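Shown next: data37.cif, given as mmCIF, N, CA, C and O atoms.
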data_my_file
loop_
_atom_site.label_atom_id
_atom_site.label_comp_id
_atom_site.auth_asym_id
_atom_site.auth_seq_id
_atom_site.Cartn_x
_atom_site.Cartn_y
_atom_site.Cartn_z
N MET A 275 0.85 -1.17 0.00
CA MET A 275 0.00 0.00 0.00
C MET A 275 0.90 1.24 0.00
O MET A 275 1.85 1.33 0.76
N GLY A 276 0.57 2.19 -0.83
CA GLY A 276 1.37 3.40 -0.95
C GLY A 276 1.15 4.37 0.19
O GLY A 276 0.16 4.29 0.93
N THR A 277 2.08 5.31 0.32
CA THR A 277 2.00 6.31 1.38
C THR A 277 0.72 7.13 1.29
O THR A 277 0.12 7.46 2.32
N ASP A 278 0.29 7.44 0.08
CA ASP A 278 -0.94 8.22 -0.07
C ASP A 278 -2.15 7.48 0.50
O ASP A 278 -2.99 8.06 1.20
N ALA A 279 -2.25 6.19 0.24
CA ALA A 279 -3.36 5.40 0.78
C ALA A 279 -3.25 5.26 2.29
O ALA A 279 -4.26 5.32 3.00
N LEU A 280 -2.03 5.06 2.79
CA LEU A 280 -1.83 4.98 4.24
C LEU A 280 -2.21 6.28 4.92
O LEU A 280 -2.82 6.30 5.99
N PHE A 281 -1.86 7.41 4.28
CA PHE A 281 -2.21 8.73 4.80
C PHE A 281 -3.73 8.87 4.91
O PHE A 281 -4.25 9.27 5.94
N ARG A 282 -4.43 8.52 3.84
CA ARG A 282 -5.89 8.67 3.84
C ARG A 282 -6.53 7.78 4.92
O ARG A 282 -7.42 8.22 5.65
N ARG A 283 -6.03 6.57 5.04
CA ARG A 283 -6.57 5.66 6.07
C ARG A 283 -6.28 6.20 7.47
O ARG A 283 -7.12 6.13 8.36
N ARG A 284 -5.09 6.76 7.66
CA ARG A 284 -4.71 7.29 8.97
C ARG A 284 -5.58 8.49 9.36
O ARG A 284 -6.04 8.59 10.49
N VAL A 285 -5.81 9.39 8.41
CA VAL A 285 -6.66 10.56 8.69
C VAL A 285 -8.05 10.10 9.09
O VAL A 285 -8.61 10.56 10.09
N ARG A 286 -8.61 9.19 8.33
CA ARG A 286 -9.96 8.68 8.64
C ARG A 286 -9.97 8.04 10.04
O ARG A 286 -10.89 8.27 10.83
N LYS A 287 -8.94 7.26 10.35
CA LYS A 287 -8.88 6.60 11.66
C LYS A 287 -8.80 7.62 12.80
O LYS A 287 -9.47 7.48 13.82
N LEU A 288 -8.00 8.66 12.62
CA LEU A 288 -7.87 9.70 13.64
C LEU A 288 -9.20 10.45 13.83
O LEU A 288 -9.57 10.77 14.96
N ILE A 289 -9.88 10.73 12.73
CA ILE A 289 -11.18 11.40 12.82
C ILE A 289 -12.17 10.53 13.58
O ILE A 289 -12.84 11.00 14.51
N LEU A 290 -12.27 9.27 13.21
CA LEU A 290 -13.24 8.39 13.84
C LEU A 290 -12.90 8.10 15.30
O LEU A 290 -13.80 7.89 16.12
N ALA A 291 -11.62 8.11 15.64
CA ALA A 291 -11.22 7.90 17.03
C ALA A 291 -11.70 9.04 17.93
O ALA A 291 -12.06 8.82 19.08
N LYS A 292 -11.73 10.24 17.39
CA LYS A 292 -12.12 11.39 18.20
C LYS A 292 -13.62 11.71 18.09
O LYS A 292 -14.24 12.09 19.06
N TYR A 293 -14.19 11.56 16.90
CA TYR A 293 -15.56 12.02 16.67
C TYR A 293 -16.58 10.89 16.47
O TYR A 293 -17.77 11.17 16.37
N ARG A 294 -16.15 9.66 16.35
CA ARG A 294 -17.01 8.48 16.21
C ARG A 294 -17.71 8.36 14.87
O ARG A 294 -18.10 7.28 14.48
N SER A 295 -17.94 9.45 14.16
CA SER A 295 -18.53 9.37 12.83
C SER A 295 -18.04 10.56 12.01
O SER A 295 -17.72 11.61 12.56
N MET A 296 -18.03 10.39 10.71
CA MET A 296 -17.60 11.48 9.83
C MET A 296 -18.61 12.62 9.90
O MET A 296 -18.22 13.79 9.93
N ASP A 297 -19.90 12.31 9.96
CA ASP A 297 -20.92 13.35 10.03
C ASP A 297 -20.75 14.21 11.28
O ASP A 297 -20.89 15.44 11.23
N ARG A 298 -20.45 13.57 12.39
CA ARG A 298 -20.23 14.32 13.64
C ARG A 298 -19.01 15.23 13.49
O ARG A 298 -19.02 16.37 13.94
N PHE A 299 -17.95 14.72 12.85
CA PHE A 299 -16.76 15.53 12.62
C PHE A 299 -17.11 16.77 11.79
O PHE A 299 -16.75 17.89 12.15
N TYR A 300 -17.83 16.58 10.69
CA TYR A 300 -18.21 17.72 9.84
C TYR A 300 -19.07 18.71 10.62
O TYR A 300 -18.86 19.92 10.53
N LEU A 301 -20.01 18.21 11.39
CA LEU A 301 -20.90 19.06 12.15
C LEU A 301 -20.16 19.88 13.21
O LEU A 301 -20.39 21.09 13.35
N GLU A 302 -19.26 19.24 13.94
CA GLU A 302 -18.59 19.90 15.06
C GLU A 302 -17.41 20.78 14.64
O GLU A 302 -17.02 21.66 15.39
N THR A 303 -16.84 20.53 13.48
CA THR A 303 -15.65 21.29 13.09
C THR A 303 -15.90 22.30 11.97
O THR A 303 -15.11 23.20 11.77
N GLY A 304 -17.00 22.13 11.24
CA GLY A 304 -17.27 23.03 10.14
C GLY A 304 -16.46 22.72 8.89
O GLY A 304 -16.46 23.50 7.94
N PHE A 305 -15.75 21.59 8.86
CA PHE A 305 -15.01 21.21 7.67
C PHE A 305 -15.97 20.93 6.53
O PHE A 305 -17.06 20.41 6.74
N SER A 306 -15.55 21.27 5.34
CA SER A 306 -16.36 21.01 4.15
C SER A 306 -16.39 19.51 3.88
O SER A 306 -15.33 18.89 3.69
N LYS A 307 -17.58 18.96 3.85
CA LYS A 307 -17.73 17.53 3.61
C LYS A 307 -17.18 17.15 2.23
O LYS A 307 -16.48 16.16 2.08
N GLY A 308 -17.46 17.96 1.23
CA GLY A 308 -17.00 17.68 -0.12
C GLY A 308 -15.50 17.69 -0.24
O GLY A 308 -14.90 16.79 -0.85
N HIS A 309 -14.86 18.71 0.34
CA HIS A 309 -13.41 18.83 0.23
C HIS A 309 -12.70 17.67 0.92
O HIS A 309 -11.81 17.04 0.35
N LEU A 310 -13.10 17.39 2.16
CA LEU A 310 -12.43 16.31 2.88
C LEU A 310 -12.74 14.96 2.25
O LEU A 310 -11.87 14.09 2.18
N SER A 311 -13.94 14.80 1.74
CA SER A 311 -14.30 13.56 1.06
C SER A 311 -13.38 13.33 -0.15
O SER A 311 -12.92 12.20 -0.38
N GLU A 312 -13.11 14.38 -0.90
CA GLU A 312 -12.20 14.26 -2.05
C GLU A 312 -10.80 13.83 -1.59
O GLU A 312 -10.17 12.98 -2.21
N ILE A 313 -10.33 14.41 -0.50
CA ILE A 313 -9.02 14.06 0.03
C ILE A 313 -8.99 12.59 0.46
O ILE A 313 -8.07 11.85 0.12
N LEU A 314 -10.02 12.18 1.19
CA LEU A 314 -10.06 10.80 1.70
C LEU A 314 -10.26 9.76 0.61
O LEU A 314 -9.90 8.60 0.79
N ARG A 315 -10.79 10.16 -0.52
CA ARG A 315 -10.95 9.24 -1.65
C ARG A 315 -9.76 9.31 -2.61
O ARG A 315 -9.72 8.59 -3.60
N GLY A 316 -8.81 10.19 -2.32
CA GLY A 316 -7.64 10.31 -3.19
C GLY A 316 -7.88 11.13 -4.43
O GLY A 316 -7.10 11.09 -5.37
N LYS A 317 -8.96 11.91 -4.45
CA LYS A 317 -9.30 12.73 -5.62
C LYS A 317 -8.75 14.15 -5.49
O LYS A 317 -8.80 14.91 -6.43
N GLY A 318 -8.25 14.49 -4.31
CA GLY A 318 -7.68 15.81 -4.07
C GLY A 318 -6.55 15.71 -3.07
O GLY A 318 -6.44 14.71 -2.35
N SER A 319 -5.73 16.73 -3.03
CA SER A 319 -4.62 16.77 -2.08
C SER A 319 -4.83 17.92 -1.12
O SER A 319 -5.20 19.02 -1.54
N PRO A 320 -4.59 17.69 0.16
CA PRO A 320 -4.78 18.77 1.13
C PRO A 320 -3.65 19.78 1.06
O PRO A 320 -2.49 19.42 0.84
N SER A 321 -3.98 21.04 1.25
CA SER A 321 -2.95 22.07 1.36
C SER A 321 -2.35 21.98 2.76
O SER A 321 -2.91 21.33 3.66
N VAL A 322 -1.24 22.64 2.96
CA VAL A 322 -0.63 22.67 4.29
C VAL A 322 -1.61 23.32 5.26
O VAL A 322 -1.77 22.86 6.40
N ASN A 323 -2.28 24.36 4.84
CA ASN A 323 -3.27 25.04 5.68
C ASN A 323 -4.38 24.07 6.12
O ASN A 323 -4.77 24.06 7.28
N THR A 324 -4.85 23.25 5.20
CA THR A 324 -5.88 22.26 5.52
C THR A 324 -5.35 21.24 6.53
O THR A 324 -6.05 20.87 7.48
N LEU A 325 -4.11 20.79 6.33
CA LEU A 325 -3.51 19.83 7.27
C LEU A 325 -3.40 20.43 8.67
O LEU A 325 -3.66 19.76 9.67
N VAL A 326 -3.00 21.70 8.75
CA VAL A 326 -2.88 22.37 10.05
C VAL A 326 -4.24 22.46 10.72
O VAL A 326 -4.37 22.16 11.91
N LYS A 327 -5.27 22.87 9.98
CA LYS A 327 -6.63 22.96 10.54
C LYS A 327 -7.14 21.59 10.97
O LYS A 327 -7.77 21.45 12.02
N LEU A 328 -6.87 20.59 10.17
CA LEU A 328 -7.29 19.23 10.49
C LEU A 328 -6.60 18.73 11.76
O LEU A 328 -7.25 18.17 12.65
N ALA A 329 -5.31 18.97 11.86
CA ALA A 329 -4.56 18.57 13.06
C ALA A 329 -5.12 19.26 14.30
O ALA A 329 -5.29 18.64 15.35
N LYS A 330 -5.42 20.54 14.17
CA LYS A 330 -5.97 21.28 15.31
C LYS A 330 -7.32 20.71 15.72
O LYS A 330 -7.59 20.53 16.91
N ALA A 331 -8.18 20.41 14.75
CA ALA A 331 -9.49 19.85 15.05
C ALA A 331 -9.39 18.49 15.72
O ALA A 331 -10.27 18.10 16.50
N LEU A 332 -8.31 17.77 15.46
CA LEU A 332 -8.13 16.42 16.01
C LEU A 332 -7.24 16.42 17.25
O LEU A 332 -6.94 15.36 17.79
N ASP A 333 -6.77 17.60 17.68
CA ASP A 333 -5.82 17.68 18.79
C ASP A 333 -4.61 16.79 18.52
O ASP A 333 -4.17 16.02 19.37
N ALA A 334 -4.12 16.88 17.30
CA ALA A 334 -3.00 16.04 16.86
C ALA A 334 -1.90 16.93 16.30
O ALA A 334 -2.10 18.11 16.05
N GLY A 335 -0.75 16.33 16.11
CA GLY A 335 0.34 17.01 15.44
C GLY A 335 0.34 16.63 13.97
O GLY A 335 -0.23 15.59 13.59
N LEU A 336 0.95 17.43 13.15
CA LEU A 336 1.02 17.10 11.73
C LEU A 336 1.69 15.75 11.51
O LEU A 336 1.30 15.00 10.62
N CYS A 337 2.68 15.44 12.34
CA CYS A 337 3.38 14.17 12.18
C CYS A 337 2.46 12.97 12.39
O CYS A 337 2.70 11.89 11.85
N ASP A 338 1.38 13.17 13.15
CA ASP A 338 0.45 12.06 13.40
C ASP A 338 -0.21 11.54 12.13
O ASP A 338 -0.63 10.39 12.07
N PHE A 339 -0.29 12.36 11.10
CA PHE A 339 -0.88 11.92 9.84
C PHE A 339 0.06 10.98 9.08
O PHE A 339 -0.37 10.30 8.16
N PHE A 340 1.32 10.98 9.46
CA PHE A 340 2.32 10.21 8.71
C PHE A 340 2.97 9.12 9.55
O PHE A 340 4.06 8.66 9.24
N ILE A 341 2.30 8.72 10.61
CA ILE A 341 2.73 7.59 11.43
C ILE A 341 1.82 6.43 11.05
O ILE A 341 0.61 6.51 11.21
N PHE A 342 2.41 5.37 10.53
CA PHE A 342 1.64 4.23 10.04
C PHE A 342 1.99 2.99 10.85
O PHE A 342 2.89 2.23 10.48
N PRO A 343 1.29 2.75 11.96
CA PRO A 343 1.62 1.65 12.86
C PRO A 343 1.66 0.28 12.19
O PRO A 343 2.40 -0.60 12.62
N GLU A 344 0.89 0.10 11.13
CA GLU A 344 0.87 -1.19 10.45
C GLU A 344 2.10 -1.40 9.58
O GLU A 344 2.35 -2.51 9.12
N ARG A 345 2.89 -0.37 9.36
CA ARG A 345 4.04 -0.46 8.46
C ARG A 345 5.31 -0.92 9.17
O ARG A 345 6.10 -1.67 8.60
N SER A 346 5.52 -0.48 10.41
CA SER A 346 6.76 -0.86 11.08
C SER A 346 6.61 -0.84 12.60
O SER A 346 5.70 -0.20 13.13
N GLU A 347 7.52 -1.52 13.27
CA GLU A 347 7.51 -1.51 14.73
C GLU A 347 7.79 -0.12 15.28
O GLU A 347 7.22 0.29 16.28
N ARG A 348 8.67 0.62 14.61
CA ARG A 348 9.00 1.98 15.04
C ARG A 348 7.75 2.86 15.01
O ARG A 348 7.46 3.57 15.97
N ASP A 349 7.00 2.81 13.92
CA ASP A 349 5.77 3.61 13.82
C ASP A 349 4.74 3.15 14.84
O ASP A 349 4.01 3.96 15.40
N ARG A 350 4.67 1.85 15.08
CA ARG A 350 3.74 1.35 16.10
C ARG A 350 4.11 1.88 17.47
O ARG A 350 3.25 2.31 18.25
N ALA A 351 5.41 1.90 17.78
CA ALA A 351 5.88 2.42 19.06
C ALA A 351 5.59 3.91 19.19
O ALA A 351 5.14 4.38 20.25
N ILE A 352 5.80 4.65 18.11
CA ILE A 352 5.52 6.09 18.13
C ILE A 352 4.04 6.34 18.37
O ILE A 352 3.67 7.19 19.17
N ALA A 353 3.20 5.59 17.68
CA ALA A 353 1.75 5.76 17.85
C ALA A 353 1.34 5.47 19.30
O ALA A 353 0.52 6.19 19.87
N LEU A 354 1.91 4.44 19.88
CA LEU A 354 1.59 4.11 21.27
C LEU A 354 2.10 5.19 22.23
O LEU A 354 1.42 5.55 23.19
N LEU A 355 3.29 5.71 21.97
CA LEU A 355 3.84 6.76 22.82
C LEU A 355 3.02 8.04 22.75
O LEU A 355 2.91 8.76 23.74
N ARG A 356 2.44 8.34 21.59
CA ARG A 356 1.66 9.57 21.43
C ARG A 356 0.44 9.59 22.36
O ARG A 356 -0.04 10.65 22.70
N THR A 357 -0.04 8.43 22.76
CA THR A 357 -1.22 8.37 23.61
C THR A 357 -0.92 7.80 25.00
O THR A 357 -1.84 7.63 25.80
N ALA A 358 0.34 7.54 25.29
CA ALA A 358 0.71 6.96 26.58
C ALA A 358 0.67 8.02 27.68
O ALA A 358 0.90 9.21 27.43
N PRO A 359 0.39 7.60 28.90
CA PRO A 359 0.42 8.53 30.03
C PRO A 359 1.84 9.09 30.22
O PRO A 359 2.83 8.41 29.91
N PRO A 360 1.95 10.30 30.75
CA PRO A 360 3.26 10.95 30.91
C PRO A 360 4.27 10.13 31.69
O PRO A 360 5.46 10.11 31.36
N ASP A 361 3.84 9.41 32.73
CA ASP A 361 4.79 8.63 33.52
C ASP A 361 5.39 7.49 32.69
O ASP A 361 6.57 7.16 32.84
N VAL A 362 4.61 6.91 31.81
CA VAL A 362 5.12 5.84 30.94
C VAL A 362 6.13 6.42 29.95
O VAL A 362 7.20 5.84 29.73
N VAL A 363 5.82 7.58 29.38
CA VAL A 363 6.73 8.22 28.44
C VAL A 363 8.05 8.54 29.13
O VAL A 363 9.13 8.27 28.58
N ARG A 364 7.99 9.10 30.35
CA ARG A 364 9.23 9.42 31.08
C ARG A 364 10.07 8.17 31.34
O ARG A 364 11.29 8.17 31.19
N ARG A 365 9.40 7.08 31.75
CA ARG A 365 10.12 5.83 32.03
C ARG A 365 10.80 5.30 30.77
O ARG A 365 11.97 4.89 30.80
N ILE A 366 10.12 5.33 29.65
CA ILE A 366 10.69 4.84 28.40
C ILE A 366 11.84 5.74 27.96
O ILE A 366 12.88 5.25 27.50
N LEU A 367 11.68 7.05 28.10
CA LEU A 367 12.76 7.97 27.75
C LEU A 367 14.01 7.70 28.58
O LEU A 367 15.13 7.70 28.05
N ARG A 368 13.83 7.50 29.88
CA ARG A 368 14.99 7.20 30.74
C ARG A 368 15.70 5.94 30.26
O ARG A 368 16.93 5.90 30.17
N GLU A 369 14.93 4.92 29.94
CA GLU A 369 15.54 3.67 29.48
C GLU A 369 16.28 3.86 28.16
O GLU A 369 17.39 3.37 27.98
N LEU A 370 15.68 4.57 27.24
CA LEU A 370 16.32 4.80 25.94
C LEU A 370 17.58 5.65 26.08
O LEU A 370 18.59 5.41 25.40
N GLU A 371 17.54 6.63 26.95
CA GLU A 371 18.71 7.49 27.16
C GLU A 371 19.87 6.72 27.79
O GLU A 371 21.03 7.00 27.52
N GLN A 372 19.57 5.72 28.60
CA GLN A 372 20.61 4.89 29.21
C GLN A 372 21.31 4.03 28.17
O GLN A 372 22.45 3.64 28.33
N ARG A 373 20.65 3.75 27.06
CA ARG A 373 21.19 2.89 26.02
C ARG A 373 21.98 3.65 24.97
O ARG A 373 22.51 3.05 24.04
N LYS A 374 22.01 4.96 25.07
CA LYS A 374 22.74 5.75 24.06
C LYS A 374 24.21 5.37 24.06
O LYS A 374 24.80 5.16 25.12
N PRO A 375 24.79 5.28 22.87
CA PRO A 375 26.23 4.91 22.81
C PRO A 375 27.13 5.99 23.34
O PRO A 375 26.85 7.11 23.43
#
Before anything else, please render the file you have as structure tokens.
Amino acid sequence: MGTDALFRRRVRKLILAKYRSMDRFYLETGFSKGHLSEILRGKGSPSVNTLVKLAKALDAGLCDFFIFPERSERDRAIALLRTAPPDVVRRILRELEQRKP
């Protein structure tokens, strides 16, 4: 699967994780249903401005759109860290810093 398809799937997953339905997302954020639908179907490309607005609506970072947990262990770990409690993140950081060469 190409990066473009992974991106579209990731955006849809992030939207549904926060809003439970696409209609609820459109209703609560004011995003244009037609424009986002084109992006999610691969018929259009989002501008940087659209990505920034989308990230803000999802309480996400731009990088979250390009983390594909199904592609690699590293991406899976990053995705898990993005939602982990702060104490878990601190513990993992300490362990990783101890392993630095």
Neighbours of A:Thr277 within 12 Å (only C-alpha atoms; same-chain residues fewer than 3 positions away dropped), as a CSV table (one decimal) with N, CA, C and O atoms, keeping the file's coordinate frame?
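Listing of selection-v7.csv after writing:
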chain,number,residue,atom,x,y,z
A,280,LEU,N,-2.0,5.1,2.8
A,280,LEU,CA,-1.8,5.0,4.2
A,280,LEU,C,-2.2,6.3,4.9
A,280,LEU,O,-2.8,6.3,6.0
A,281,PHE,N,-1.9,7.4,4.3
A,281,PHE,CA,-2.2,8.7,4.8
A,281,PHE,C,-3.7,8.9,4.9
A,281,PHE,O,-4.2,9.3,5.9
A,282,ARG,N,-4.4,8.5,3.8
A,282,ARG,CA,-5.9,8.7,3.8
A,282,ARG,C,-6.5,7.8,4.9
A,282,ARG,O,-7.4,8.2,5.6
A,283,ARG,N,-6.0,6.6,5.0
A,283,ARG,CA,-6.6,5.7,6.1
A,283,ARG,C,-6.3,6.2,7.5
A,283,ARG,O,-7.1,6.1,8.4
A,284,ARG,N,-5.1,6.8,7.7
A,284,ARG,CA,-4.7,7.3,9.0
A,284,ARG,C,-5.6,8.5,9.4
A,284,ARG,O,-6.0,8.6,10.5
A,316,GLY,N,-8.8,10.2,-2.3
A,316,GLY,CA,-7.6,10.3,-3.2
A,316,GLY,C,-7.9,11.1,-4.4
A,316,GLY,O,-7.1,11.1,-5.4
A,339,PHE,N,-0.3,12.4,11.1
A,339,PHE,CA,-0.9,11.9,9.8
A,339,PHE,C,0.1,11.0,9.1
A,339,PHE,O,-0.4,10.3,8.2
A,340,PHE,N,1.3,11.0,9.5
A,340,PHE,CA,2.3,10.2,8.7
A,340,PHE,C,3.0,9.1,9.6
A,340,PHE,O,4.1,8.7,9.2
A,341,ILE,N,2.3,8.7,10.6
A,341,ILE,CA,2.7,7.6,11.4
A,341,ILE,C,1.8,6.4,11.0
A,341,ILE,O,0.6,6.5,11.2
A,342,PHE,N,2.4,5.4,10.5
A,342,PHE,CA,1.6,4.2,10.0
A,342,PHE,C,2.0,3.0,10.8
A,342,PHE,O,2.9,2.2,10.5
A,344,GLU,N,0.9,0.1,11.1
A,344,GLU,CA,0.9,-1.2,10.4
A,344,GLU,C,2.1,-1.4,9.6
A,344,GLU,O,2.4,-2.5,9.1
A,345,ARG,N,2.9,-0.4,9.4
A,345,ARG,CA,4.0,-0.5,8.5
A,345,ARG,C,5.3,-0.9,9.2
A,345,ARG,O,6.1,-1.7,8.6
(request) Could you please determine the separation between atom CA of A:Leu314 and atom CA of A:Arg286 in Å, to one decimal place? (result) 7.3 Å
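Distance-wise, atom CA of A:Ala331 and atom CA of A:Arg364 end up 26.8 Å apart.
Excluding A:Phe299 itself and any same-chain residue fewer than 6 positions from it, the protein and nucleic acid residues within 8 Å of it, counting all atoms listed in the file, are Ile289, Leu290, Lys292, Tyr293, Phe305, Ser306 and Ala331 of chain A.
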(request) Go ahead and compute the interatomic distance for atom CA of A:Thr357 and atom CA of A:Leu288, in Å to one decimal. (result)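 Calculated distance between atom CA of A:Thr357 and atom CA of A:Leu288 is 12.1 Å.
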(request) Select from stretch 283-366 of chain A everything DSSP, run on the backbone, classes as alpha helix (DSSP H), then give the selection as number ranges by chain. (result) A: 283-293, 296-303, 307-314, 322-331, 347-357, 360-366
(message) Nearest residue to A:Arg315 out of A:Val285, A:Ala353, A:Leu370, A:Ala291, using only C-alpha atoms?
(response)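 Residue with the minimum atom-to-atom distance to A:Arg315: A:Val285.
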Once 5 Å is added on each side, what centre and edge lengths in Å to one decimal does the axis-aligned box around all listed atoms of stretch 291-309 of chain A have, as AutoDock Vina command-line options?
--center_x -16.1 --center_y 15.4 --center_z 9.1 --size_x 19.7 --size_y 26.2 --size_z 29.9
(message) List the spatial neighbours of A:Thr324 as a list of chain:residue names - criterion: any atom at most 10 Å away, only C-alpha atoms, same-chain residues fewer than 6 positions off excluded.
(response) A:Phe305, A:His309, A:Leu310, A:Lys330
(message) When you count only C-alpha atoms, which of these residues is closest to A:Val326: A:Asp338, A:Asp361, A:Ile313, A:Ala279?
(response) A:Asp338
